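Asker: Pasting a structure here, questions to come.
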Amino acid sequence: MKIAWLARLWATLRTPCVKYSLLTVGSGFFVAGIIFWGGFNTAMEATNTLEFCTGCHEMRDTVYQEYKKTIHYSNRTGVRAICSDCHVPKDWVHKMTRKIQASGEVWGKITGVIDTPEKFEAKRYELASRAWARMVTTDSIECRNCHHIDSMALDKQTEKAQRRHAKGKAEGKTCIECHFGIAHKEPVGADGPSELKAKLAAGK
Amino acid sequence: MALLEDSKCFKCHSVDKKKDGPAYKEVAAKYKGKPEAEAKLTKHVTQPSKVKIDGVEEDHGAVKIRSEARIKNLVQWILSR
């Protein structure tokens with residue numbers, strides 16, 4: 001019964017359209033395409049909001065509370081960087097790649113791998129090192145959502161910062177190698193971003 | 001930890017990772033078994049001084065409070081890493 005219904009649908013889909021003009025069919029697809037694309041992007045953007053990211057207690061009770069004390073949450077200019085600004089690249093290809101990777105976190109939620117503060121602390125270094133490894137391989141793409149070295153007015157930075165940035169540039173460092181643990185508690189663990197970068201480069 | 005964060009110590013120091021300043025684990029190892037450790041470190045975190053980073057002399061800041069109990073707690077925390 002079900003197979004017959006499917007066969008009929010398939011046959012209908014394969015039959016050339018004789019009732020409507022090519023223009024009507026084309027226009028229909030065009031409008032449907034806009035609705036689909038708009039809906040897809042709206043849903044995608046909904047997963048980029050602060051409310052979405054802090055919708056689960058795993059993030060709300062831990063890293064979100066730490067981030068609320070930092071300059072990326074509250075500062076003199078009132079510009080706030082939310083979770084997705086630092087954890088999701090802006091351009092479409094990298095954003096989709098990140099979203100596909102992040103879908104694994106849904107499995108983590110279902111299986112409750114970090115559903116208590118103790119479990120979260122036990123996993124903190126692993127989670128952080130995963131984020132660091134990702135950032136050293138993308139030249140800190142998320143930092144560069146907002147910060148661009150070419151746009152920095154070096155003369156407005158402190159002498160200390162100028163020296164550090166010149167040194168970092170000369171050594172081919174990426175943002176996260178120095179600016180880690182700035183929005184969340186720095187986890188105790190063997191390797192920081194620089195060490196992870198060296199290991200990844202050596203293929204370890 | 002909160003005092004270290006408020007005083008921006010983590011800009012140059014980490015608990016166990018390499019940054020421009022020595023990791024607190026290295027500091028603890030350096031002072032291990034030395035009776036003058038607490039006094040030396042207390043002076044270092046409460047009085048501005050100069051430190052050398054990559055051969056250049058830089059100002060080393062001091063914690064932003066005067067509570068002896070909290071400073072003692074901070075120094076002991078570093079030494080126990």
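FYI, nothing fancy with the structure tokens labels: chains A, B, ... in order, residues from 1 per chain, ligands from 1 as they appear.
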When the cut-off is 12 Å and we count only C-alpha atoms, which residues of chain A are near chain B, given as an MDAnalysis selection string?

Answerer: chainID A and resid 66 69:71 158:161 163:164 167:168 176:196

Asker: Keeping N, CA and C atoms, export the residues of the selection given above as a tab-separated table (two decimals), in the first residue's frame.

Answerer:
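Output below, filename again_4.tsv:
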chain	number	residue	atom	x	y	z
A	66	GLU	N	31.19	33.01	34.30
A	66	GLU	CA	32.57	33.51	34.25
A	66	GLU	C	32.69	34.63	33.21
A	69	LYS	N	31.77	38.34	33.94
A	69	LYS	CA	32.67	39.22	34.70
A	69	LYS	C	33.75	39.83	33.80
A	70	THR	N	33.71	39.51	32.52
A	70	THR	CA	34.81	39.95	31.65
A	70	THR	C	34.43	41.14	30.77
A	71	ILE	N	35.46	41.68	30.14
A	71	ILE	CA	35.29	42.87	29.29
A	71	ILE	C	34.46	42.57	28.02
A	158	THR	N	49.26	50.52	24.87
A	158	THR	CA	50.34	50.76	25.82
A	158	THR	C	51.63	50.24	25.19
A	159	GLU	N	52.76	50.73	25.70
A	159	GLU	CA	54.05	50.29	25.16
A	159	GLU	C	54.20	48.79	25.29
A	160	LYS	N	53.70	48.28	26.43
A	160	LYS	CA	53.77	46.85	26.71
A	160	LYS	C	53.02	46.07	25.62
A	161	ALA	N	51.80	46.52	25.32
A	161	ALA	CA	50.98	45.83	24.31
A	161	ALA	C	51.62	45.93	22.94
A	163	ARG	N	54.78	46.12	22.25
A	163	ARG	CA	55.91	45.18	22.20
A	163	ARG	C	55.43	43.75	22.03
A	164	ARG	N	54.36	43.40	22.79
A	164	ARG	CA	53.83	42.04	22.72
A	164	ARG	C	53.28	41.73	21.32
A	167	LYS	N	56.10	41.31	18.87
A	167	LYS	CA	56.76	40.02	19.11
A	167	LYS	C	55.89	38.88	18.55
A	168	GLY	N	54.59	38.95	18.83
A	168	GLY	CA	53.68	37.91	18.36
A	168	GLY	C	53.68	37.83	16.84
A	176	ILE	N	44.93	33.58	19.92
A	176	ILE	CA	44.61	32.70	21.05
A	176	ILE	C	45.85	32.22	21.79
A	177	GLU	N	47.02	32.28	21.14
A	177	GLU	CA	48.22	31.79	21.81
A	177	GLU	C	48.57	32.61	23.05
A	178	CYS	N	48.21	33.90	23.02
A	178	CYS	CA	48.44	34.74	24.21
A	178	CYS	C	47.13	35.04	24.94
A	179	HIS	N	46.07	35.29	24.17
A	179	HIS	CA	44.80	35.70	24.78
A	179	HIS	C	43.92	34.47	25.06
A	180	PHE	N	44.35	33.61	25.94
A	180	PHE	CA	43.51	32.46	26.29
A	180	PHE	C	43.09	32.58	27.75
A	181	GLY	N	41.97	31.96	28.06
A	181	GLY	CA	41.46	32.07	29.43
A	181	GLY	C	40.98	33.47	29.75
A	182	ILE	N	40.56	34.22	28.72
A	182	ILE	CA	40.15	35.61	28.97
A	182	ILE	C	38.66	35.76	29.21
A	183	ALA	N	37.87	34.81	28.76
A	183	ALA	CA	36.42	34.92	28.97
A	183	ALA	C	35.90	33.85	29.91
A	184	HIS	N	36.70	32.82	30.11
A	184	HIS	CA	36.32	31.73	31.03
A	184	HIS	C	37.54	31.38	31.88
A	185	LYS	N	37.28	30.69	32.95
A	185	LYS	CA	38.36	30.27	33.85
A	185	LYS	C	39.38	29.43	33.07
A	186	GLU	N	40.66	29.75	33.29
A	186	GLU	CA	41.69	28.97	32.58
A	186	GLU	C	41.83	27.60	33.22
A	187	PRO	N	41.65	26.54	32.45
A	187	PRO	CA	41.74	25.21	33.08
A	187	PRO	C	43.18	24.77	33.31
A	188	VAL	N	43.36	23.99	34.32
A	188	VAL	CA	44.69	23.43	34.58
A	188	VAL	C	44.85	22.21	33.66
A	189	GLY	N	45.94	22.17	32.96
A	189	GLY	CA	46.16	21.06	32.03
A	189	GLY	C	47.53	21.19	31.39
A	190	ALA	N	47.98	20.15	30.77
A	190	ALA	CA	49.36	20.11	30.29
A	190	ALA	C	49.69	21.20	29.27
A	191	ASP	N	48.89	21.31	28.21
A	191	ASP	CA	49.27	22.18	27.10
A	191	ASP	C	48.34	23.39	26.95
A	192	GLY	N	48.94	24.52	26.65
A	192	GLY	CA	48.19	25.72	26.29
A	192	GLY	C	48.08	25.77	24.77
A	193	PRO	N	47.49	26.82	24.21
A	193	PRO	CA	47.33	26.89	22.77
A	193	PRO	C	48.64	26.79	21.98
A	194	SER	N	49.71	27.44	22.49
A	194	SER	CA	50.99	27.39	21.76
A	194	SER	C	51.53	25.96	21.67
A	195	GLU	N	51.44	25.25	22.78
A	195	GLU	CA	51.93	23.86	22.79
A	195	GLU	C	51.08	22.98	21.88
A	196	LEU	N	49.75	23.23	21.90
A	196	LEU	CA	48.86	22.45	21.02
A	196	LEU	C	49.18	22.74	19.56

Asker: Give me, as a list in words, all polymer residues having an atom no more than 12 Å from Gln101 of chain A, counting only C-alpha atoms and skipping those fewer than 6 positions away in the same chain.

Answerer: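 Selected residues are His87, Val88, His94, Lys95, Trp107, Arg130, Ala131 and Arg134 of chain A.
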
Asker: Next, dump the selected residues to file, keeping only N, CA and C atoms, as a PDB file, in the first residue's frame.

Answerer:
ATOM      1  N   HIS A  87      32.843  32.016  19.299  1.00  0.00           N
ATOM      2  CA  HIS A  87      32.875  30.569  19.063  1.00  0.00           C
ATOM      3  C   HIS A  87      32.341  30.135  17.708  1.00  0.00           C
ATOM      4  N   VAL A  88      31.817  31.093  16.926  1.00  0.00           N
ATOM      5  CA  VAL A  88      31.313  30.745  15.589  1.00  0.00           C
ATOM      6  C   VAL A  88      31.860  31.759  14.583  1.00  0.00           C
ATOM      7  N   HIS A  94      32.836  28.646   6.927  1.00  0.00           N
ATOM      8  CA  HIS A  94      33.383  28.301   8.247  1.00  0.00           C
ATOM      9  C   HIS A  94      32.276  28.181   9.285  1.00  0.00           C
ATOM     10  N   LYS A  95      31.231  29.003   9.120  1.00  0.00           N
ATOM     11  CA  LYS A  95      30.112  28.935  10.075  1.00  0.00           C
ATOM     12  C   LYS A  95      29.422  27.575   9.980  1.00  0.00           C
ATOM     13  N   TRP A 107      24.608  15.625  21.212  1.00  0.00           N
ATOM     14  CA  TRP A 107      24.774  14.264  21.732  1.00  0.00           C
ATOM     15  C   TRP A 107      25.298  14.310  23.168  1.00  0.00           C
ATOM     16  N   ARG A 130      40.079  21.650  23.101  1.00  0.00           N
ATOM     17  CA  ARG A 130      39.445  21.432  21.800  1.00  0.00           C
ATOM     18  C   ARG A 130      39.195  22.797  21.119  1.00  0.00           C
ATOM     19  N   ALA A 131      38.716  23.759  21.906  1.00  0.00           N
ATOM     20  CA  ALA A 131      38.470  25.103  21.361  1.00  0.00           C
ATOM     21  C   ALA A 131      39.793  25.754  20.948  1.00  0.00           C
ATOM     22  N   ARG A 134      41.165  24.203  17.748  1.00  0.00           N
ATOM     23  CA  ARG A 134      40.411  24.689  16.593  1.00  0.00           C
ATOM     24  C   ARG A 134      40.873  26.100  16.209  1.00  0.00           C
TER      25      ARG A 134
END

Asker: List every residue of chain B that DSSP, applied to the backbone of this structure, assigns to strand (DSSP E), and report them as a ChimeraX atom specification.

Answerer: /B:49-53,56-60

Asker: Since we have the selection now, will you write its residues out, keeping C-alpha atoms, as a short mmCIF file (atom, residue, chain, number, x, y, z; two decimals), in the first residue's frame?

Answerer:
data_model
loop_
_atom_site.label_atom_id
_atom_site.label_comp_id
_atom_site.auth_asym_id
_atom_site.auth_seq_id
_atom_site.Cartn_x
_atom_site.Cartn_y
_atom_site.Cartn_z
CA SER B 49 58.87 46.43 40.93
CA LYS B 50 60.69 45.91 37.65
CA VAL B 51 60.91 42.60 35.81
CA LYS B 52 62.76 41.64 32.63
CA ILE B 53 60.69 40.24 29.75
CA VAL B 56 63.30 44.58 28.28
CA GLU B 57 62.63 45.95 31.74
CA GLU B 58 58.93 46.27 32.51
CA ASP B 59 56.83 47.34 35.46
CA HIS B 60 55.47 44.50 37.56
#

Asker: May I ask which of the residues B:Tyr31, B:Ala69, B:Ile78, B:Glu38 is the closest one to His13 of chain B, counting only C-alpha atoms?

Answerer: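 When distances to His13 of chain B are compared using only C-alpha atoms, the smallest one comes from B:Ile78.
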
Asker: Mind checking which residues fall within 12 Å of Ser67 of chain B, counting only C-alpha atoms, ignoring those fewer than 4 positions away in the same chain, and posting them as a VMD selection string?

Answerer: chain B and resid 3 42 46 63 71 to 74

Asker: Limited to C-alpha atoms, could you put the picked residues into a file as an mmCIF file, in the first residue's frame?

Answerer:
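Ended up saving to out-v8.cif:
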data_model
loop_
_atom_site.group_PDB
_atom_site.id
_atom_site.type_symbol
_atom_site.label_atom_id
_atom_site.label_comp_id
_atom_site.auth_asym_id
_atom_site.auth_seq_id
_atom_site.Cartn_x
_atom_site.Cartn_y
_atom_site.Cartn_z
ATOM 1 C CA LEU B 3 42.191 38.533 43.501
ATOM 2 C CA THR B 42 54.368 38.909 49.502
ATOM 3 C CA THR B 46 52.338 44.048 46.995
ATOM 4 C CA VAL B 63 47.590 43.615 43.889
ATOM 5 C CA ILE B 71 47.255 38.671 50.289
ATOM 6 C CA LYS B 72 48.498 35.865 52.563
ATOM 7 C CA ASN B 73 45.863 33.598 51.063
ATOM 8 C CA LEU B 74 46.980 34.535 47.538
#

Asker: Give the helix (DSSP H, G or I) residues of chain A, as DSSP finds them on the backbone, and put them as a ChimeraX atom specification.

Answerer: /A:2-14,22-46,50-53,57-60,63-67,83-87,92-111,117-137,143-145,149-151,154-156,159-170,175-177,193-201

Asker: With C-alpha atoms kept, could you save the residues just selected as a short mmCIF file (atom, residue, chain, number, x, y, z; two decimals), in the first residue's frame?

Answerer:
data_model
loop_
_atom_site.label_atom_id
_atom_site.label_comp_id
_atom_site.auth_asym_id
_atom_site.auth_seq_id
_atom_site.Cartn_x
_atom_site.Cartn_y
_atom_site.Cartn_z
CA LYS A 2 2.73 2.38 1.07
CA ILE A 3 4.89 1.35 -1.88
CA ALA A 4 2.04 1.98 -4.31
CA TRP A 5 1.55 5.45 -2.89
CA LEU A 6 5.25 6.17 -3.23
CA ALA A 7 5.28 4.85 -6.79
CA ARG A 8 2.37 7.14 -7.71
CA LEU A 9 4.18 10.14 -6.18
CA TRP A 10 7.34 9.26 -8.06
CA ALA A 11 5.44 8.93 -11.32
CA THR A 12 3.76 12.31 -10.76
CA LEU A 13 7.10 13.94 -10.03
CA ARG A 14 8.56 12.49 -13.24
CA LEU A 22 7.61 27.36 -17.37
CA LEU A 23 7.46 30.91 -16.01
CA THR A 24 4.88 29.93 -13.36
CA VAL A 25 6.83 26.84 -12.32
CA GLY A 26 10.09 28.81 -12.29
CA SER A 27 8.51 31.61 -10.22
CA GLY A 28 7.12 29.03 -7.79
CA PHE A 29 10.55 27.52 -7.27
CA PHE A 30 12.08 30.99 -6.92
CA VAL A 31 9.64 32.01 -4.18
CA ALA A 32 9.93 28.61 -2.46
CA GLY A 33 13.73 28.98 -2.60
CA ILE A 34 13.59 32.38 -0.91
CA ILE A 35 11.27 31.03 1.81
CA PHE A 36 13.48 27.98 2.37
CA TRP A 37 16.70 29.97 2.43
CA GLY A 38 15.23 32.65 4.68
CA GLY A 39 13.87 30.01 7.04
CA PHE A 40 17.18 28.15 7.09
CA ASN A 41 19.16 31.28 7.86
CA THR A 42 16.67 32.44 10.49
CA ALA A 43 16.94 29.07 12.24
CA MET A 44 20.74 29.22 11.94
CA GLU A 45 20.85 32.71 13.45
CA ALA A 46 18.52 31.59 16.25
CA LEU A 50 23.01 34.35 23.75
CA GLU A 51 19.61 33.04 24.88
CA PHE A 52 20.06 29.85 22.87
CA CYS A 53 23.60 29.22 24.13
CA HIS A 57 22.24 24.85 32.57
CA GLU A 58 25.54 23.29 31.47
CA MET A 59 26.60 26.62 29.93
CA ARG A 60 24.42 28.99 31.98
CA VAL A 63 31.15 29.43 31.59
CA TYR A 64 28.37 32.01 31.19
CA GLN A 65 28.81 33.16 34.80
CA GLU A 66 32.57 33.51 34.25
CA TYR A 67 32.11 35.40 30.98
CA CYS A 83 29.08 33.38 22.75
CA SER A 84 28.73 33.02 18.98
CA ASP A 85 30.96 36.04 18.31
CA CYS A 86 33.88 34.15 19.85
CA HIS A 87 32.88 30.57 19.06
CA TRP A 92 29.19 31.09 5.72
CA VAL A 93 31.53 28.19 4.90
CA HIS A 94 33.38 28.30 8.25
CA LYS A 95 30.11 28.93 10.07
CA MET A 96 28.51 25.83 8.57
CA THR A 97 31.61 23.75 9.33
CA ARG A 98 31.47 24.92 12.95
CA LYS A 99 27.74 24.26 13.20
CA ILE A 100 28.19 20.72 11.92
CA GLN A 101 31.00 20.17 14.45
CA ALA A 102 28.81 21.66 17.18
CA SER A 103 26.01 19.23 16.44
CA GLY A 104 28.09 16.72 18.40
CA GLU A 105 27.36 18.84 21.47
CA VAL A 106 23.70 17.86 21.17
CA TRP A 107 24.77 14.26 21.73
CA GLY A 108 26.76 15.41 24.74
CA LYS A 109 23.63 17.10 26.09
CA ILE A 110 21.49 13.98 25.57
CA THR A 111 24.02 11.70 27.25
CA PRO A 117 29.35 21.10 37.94
CA GLU A 118 31.72 18.27 38.92
CA LYS A 119 31.45 16.59 35.52
CA PHE A 120 31.97 19.97 33.85
CA GLU A 121 35.13 20.68 35.87
CA ALA A 122 36.46 17.22 35.04
CA LYS A 123 35.95 17.95 31.34
CA ARG A 124 36.94 21.64 31.39
CA TYR A 125 40.49 21.15 30.11
CA GLU A 126 39.39 18.77 27.36
CA LEU A 127 36.71 21.20 26.18
CA ALA A 128 39.04 24.19 26.34
CA SER A 129 41.87 22.43 24.55
CA ARG A 130 39.45 21.43 21.80
CA ALA A 131 38.47 25.10 21.36
CA TRP A 132 42.13 26.17 21.44
CA ALA A 133 43.17 23.53 18.91
CA ARG A 134 40.41 24.69 16.59
CA MET A 135 41.47 28.31 16.95
CA VAL A 136 45.17 27.76 16.33
CA THR A 137 44.32 25.93 13.10
CA CYS A 143 38.76 36.69 17.25
CA ARG A 144 39.07 38.13 13.77
CA ASN A 145 35.27 38.39 13.57
CA ILE A 149 45.60 43.55 13.38
CA ASP A 150 45.73 45.90 10.39
CA SER A 151 43.00 48.06 11.93
CA LEU A 154 49.30 50.69 17.65
CA ASP A 155 50.13 54.17 18.93
CA LYS A 156 46.99 54.03 21.06
CA GLU A 159 54.05 50.29 25.16
CA LYS A 160 53.77 46.85 26.71
CA ALA A 161 50.98 45.83 24.31
CA GLN A 162 52.85 47.25 21.33
CA ARG A 163 55.91 45.18 22.20
CA ARG A 164 53.83 42.04 22.72
CA HIS A 165 51.98 42.45 19.42
CA ALA A 166 55.22 43.10 17.51
CA LYS A 167 56.76 40.02 19.11
CA GLY A 168 53.68 37.91 18.36
CA LYS A 169 53.67 39.05 14.73
CA ALA A 170 57.39 38.33 14.33
CA CYS A 175 45.59 35.69 18.91
CA ILE A 176 44.61 32.70 21.05
CA GLU A 177 48.22 31.79 21.81
CA PRO A 193 47.33 26.89 22.77
CA SER A 194 50.99 27.39 21.76
CA GLU A 195 51.93 23.86 22.79
CA LEU A 196 48.86 22.45 21.02
CA LYS A 197 49.81 24.38 17.88
CA ALA A 198 53.33 22.94 17.96
CA LYS A 199 51.96 19.43 18.44
CA LEU A 200 49.44 19.82 15.61
CA ALA A 201 52.17 21.13 13.32
#

Asker: Can you tell me which residues surround Val27 of chain B at a distance of at most 9 Å, considering only C-alpha atoms, apart from same-chain residues fewer than 5 positions away, and format the answer as JSON, numbers by chain?

Answerer: {"B": [22, 32, 78, 79, 81]}

Asker: Store the residues picked out above in a file with N, CA and C atoms, as a PDB file, in the first residue's frame.

Answerer:
ATOM      1  N   PRO B  22      56.498  33.757  34.588  1.00  0.00           N
ATOM      2  CA  PRO B  22      56.560  32.325  34.931  1.00  0.00           C
ATOM      3  C   PRO B  22      55.214  31.779  35.426  1.00  0.00           C
ATOM      4  N   LYS B  32      60.089  26.113  46.672  1.00  0.00           N
ATOM      5  CA  LYS B  32      59.798  24.942  47.502  1.00  0.00           C
ATOM      6  C   LYS B  32      60.891  24.716  48.561  1.00  0.00           C
ATOM      7  N   ILE B  78      49.587  30.433  45.583  1.00  0.00           N
ATOM      8  CA  ILE B  78      50.627  30.305  44.540  1.00  0.00           C
ATOM      9  C   ILE B  78      51.658  29.254  44.969  1.00  0.00           C
ATOM     10  N   LEU B  79      52.086  29.347  46.221  1.00  0.00           N
ATOM     11  CA  LEU B  79      53.128  28.425  46.701  1.00  0.00           C
ATOM     12  C   LEU B  79      52.658  26.977  46.802  1.00  0.00           C
ATOM     13  N   ARG B  81      50.864  25.484  44.500  1.00  0.00           N
ATOM     14  CA  ARG B  81      50.589  24.900  43.159  1.00  0.00           C
ATOM     15  C   ARG B  81      51.486  23.717  42.894  1.00  0.00           C
TER      16      ARG B  81
END
